[in-house]
Amino acid sequence: DAERTDFISANREGIFSFVGYLTMFLMGVSLGKEILPDAPTFEARRMRIVSVLGVWTTAFISYTLATFVFGIEPSRRFANAPYCFWIAGFNSAMLWIFMLIEEDIDSKLPPSLSRSNRPSGYDVPIILDAINKNSLTTFLVANVLTGLVNMLCETLVRGVAEA
């Protein structure tokens with residue numbers, strides 16, 4: 001527990017984790033650009049989603065195994081490489097699972113309601129469209145709110161269950 005007397009020491013976690021959180025943001029943007037390109041057909045888009053998410057999930061599993069072999073612990077405070085890949089892999093795996101559930105539900109719908117019969121630019125919910133168009137702002141606001149919670153709740157002295 002070092003003294004926090006100047007700007008650098010008071011904000012060392014934020015300063016040193018900036019690169020890691022920027023990396024996670026860029027990884028998310030990259031994944032979004034791979035998943036959401038204009039594909040000529042719904043089937044082509046589906047295959048691209050499956051392959052990209054499969055690769056990211058495989059990378060997550062491989063990196064997790066390597067982490068246990070090398071003994072580098074993921075650190076949320078410093079947003080080190082194991083943490084970045086863990087977050088990216090976990091989120092990719094969740095997207096993959098949600099996609100599989102969505103595909104399963106879509107396959108059971110009557111053809112008139114099926115997503116595969118809709119035009120390529122079908123409507124997206126307004127809130128999701130706003131978040132997608134302002135992703136950096138959303139990311140920065142979420143980080144500021146997280147910092148506010150950390151300042152108000154003394155998270156360093158909380159137990160695991162409380163944190």
# chains A, B, ... in the order shown; residues from 1 in each chain; ligands from 1
call {"tool": "residues_around", "arguments": {"residues": "Glu34 in chain A", "least_positions_apart": "3", "cutoff": "9 Å", "atoms": "only C-alpha atoms", "output": "PDB file with C-alpha atoms, in the first residue's frame"}}
result
ATOM      1  CA  VAL A  29     -14.317  -3.017 -32.527  1.00  0.00           C
ATOM      2  CA  SER A  30     -12.312  -5.438 -34.666  1.00  0.00           C
ATOM      3  CA  LEU A  31     -14.605  -8.315 -33.765  1.00  0.00           C
ATOM      4  CA  PRO A  37     -19.954  -6.750 -42.585  1.00  0.00           C
ATOM      5  CA  ARG A  48     -18.536 -15.672 -41.061  1.00  0.00           C
ATOM      6  CA  ILE A  49     -19.919 -15.262 -37.525  1.00  0.00           C
ATOM      7  CA  VAL A  52     -14.718 -15.651 -36.400  1.00  0.00           C
TER       8      VAL A  52
END
call {"tool": "residues_around", "arguments": {"residues": "Cys84 in chain A", "least_positions_apart": "5", "cutoff": "7 Å", "atoms": "only C-alpha atoms", "output": "mmCIF file with N, CA and C atoms, in the first residue's frame"}}
result
data_model
loop_
_atom_site.group_PDB
_atom_site.id
_atom_site.type_symbol
_atom_site.label_atom_id
_atom_site.label_comp_id
_atom_site.auth_asym_id
_atom_site.auth_seq_id
_atom_site.Cartn_x
_atom_site.Cartn_y
_atom_site.Cartn_z
ATOM 1 N N GLY A 20 -4.161 -1.559 -21.768
ATOM 2 C CA GLY A 20 -4.941 -2.802 -21.783
ATOM 3 C C GLY A 20 -6.401 -2.568 -22.123
ATOM 4 N N MET A 24 -8.553 -3.809 -25.327
ATOM 5 C CA MET A 24 -9.838 -4.527 -25.292
ATOM 6 C C MET A 24 -10.882 -3.814 -26.142
ATOM 7 N N ALA A 79 -4.914 -4.437 -16.279
ATOM 8 C CA ALA A 79 -5.411 -4.853 -17.595
ATOM 9 C C ALA A 79 -4.286 -5.476 -18.421
#
call {"tool": "atom_distance", "arguments": {"atom1": "CA of Leu22 in chain A", "atom2": "CA of Asn143 in chain A"}}
result
11.2 Å
call {"tool": "atom_distance", "arguments": {"atom1": "CA of Leu136 in chain A", "atom2": "CA of Ser17 in chain A"}}
result
16.5 Å
call {"tool": "residues_around", "arguments": {"residues": "Asn150 in chain A", "least_positions_apart": "6", "cutoff": "12 Å", "atoms": "only C-alpha atoms", "output": "PyMOL selection string"}}
result
chain A and resi 11+13-14+77+143-144+156-158+163
call {"tool": "closest_residue", "arguments": {"among": "A:Ala66, A:Leu100, A:Met27, A:Ala130", "to": "Arg46 in chain A", "atoms": "only C-alpha atoms"}}
result
A:Leu100
call {"tool": "residues_around", "arguments": {"residues": "Trp86 in chain A", "least_positions_apart": "6", "cutoff": "12 Å", "atoms": "only C-alpha atoms", "output": "list in words"}}
result
Gly20, Met24, Met27, Trp56, Thr57, Thr58, Ala59, Phe60, Ile61, Ser62, Tyr63, Thr64, Leu65, Ala66, Thr67, Glu73, Pro74, Ser75, Arg76, Ala79, Asn80, Ser92 and Ala93 of chain A
call {"tool": "write_last_selection", "arguments": {"atoms": "C-alpha atoms", "output": "PDB file, in the first residue's frame"}}
result
ATOM      1  CA  GLY A  20      -4.941  -2.802 -21.783  1.00  0.00           C
ATOM      2  CA  MET A  24      -9.838  -4.527 -25.292  1.00  0.00           C
ATOM      3  CA  MET A  27     -10.385  -5.937 -30.053  1.00  0.00           C
ATOM      4  CA  TRP A  56     -11.626 -16.080 -30.913  1.00  0.00           C
ATOM      5  CA  THR A  57     -12.976 -18.747 -28.563  1.00  0.00           C
ATOM      6  CA  THR A  58     -10.151 -21.098 -29.535  1.00  0.00           C
ATOM      7  CA  ALA A  59      -7.653 -18.277 -28.891  1.00  0.00           C
ATOM      8  CA  PHE A  60      -9.211 -17.718 -25.478  1.00  0.00           C
ATOM      9  CA  ILE A  61      -8.940 -21.384 -24.560  1.00  0.00           C
ATOM     10  CA  SER A  62      -5.351 -21.596 -25.834  1.00  0.00           C
ATOM     11  CA  TYR A  63      -4.316 -18.459 -23.999  1.00  0.00           C
ATOM     12  CA  THR A  64      -5.960 -19.650 -20.778  1.00  0.00           C
ATOM     13  CA  LEU A  65      -3.979 -22.879 -20.980  1.00  0.00           C
ATOM     14  CA  ALA A  66      -0.776 -20.931 -21.623  1.00  0.00           C
ATOM     15  CA  THR A  67      -1.567 -18.657 -18.687  1.00  0.00           C
ATOM     16  CA  GLU A  73      -2.309 -14.108 -13.285  1.00  0.00           C
ATOM     17  CA  PRO A  74      -4.882 -11.901 -15.030  1.00  0.00           C
ATOM     18  CA  SER A  75      -5.069  -8.459 -13.423  1.00  0.00           C
ATOM     19  CA  ARG A  76      -8.091  -6.195 -13.819  1.00  0.00           C
ATOM     20  CA  ALA A  79      -5.411  -4.853 -17.595  1.00  0.00           C
ATOM     21  CA  ASN A  80      -2.502  -7.117 -18.530  1.00  0.00           C
ATOM     22  CA  SER A  92     -16.701 -13.954 -27.793  1.00  0.00           C
ATOM     23  CA  ALA A  93     -17.834 -17.242 -26.295  1.00  0.00           C
TER      24      ALA A  93
END
call {"tool": "atom_distance", "arguments": {"atom1": "CA of Thr155 in chain A", "atom2": "CA of Met94 in chain A"}}
result
27.1 Å
call {"tool": "select_by_dssp", "arguments": {"residues": "range 20-103 of chain A", "states": "alpha helix (DSSP H)", "output": "count of residues only"}}
result
68
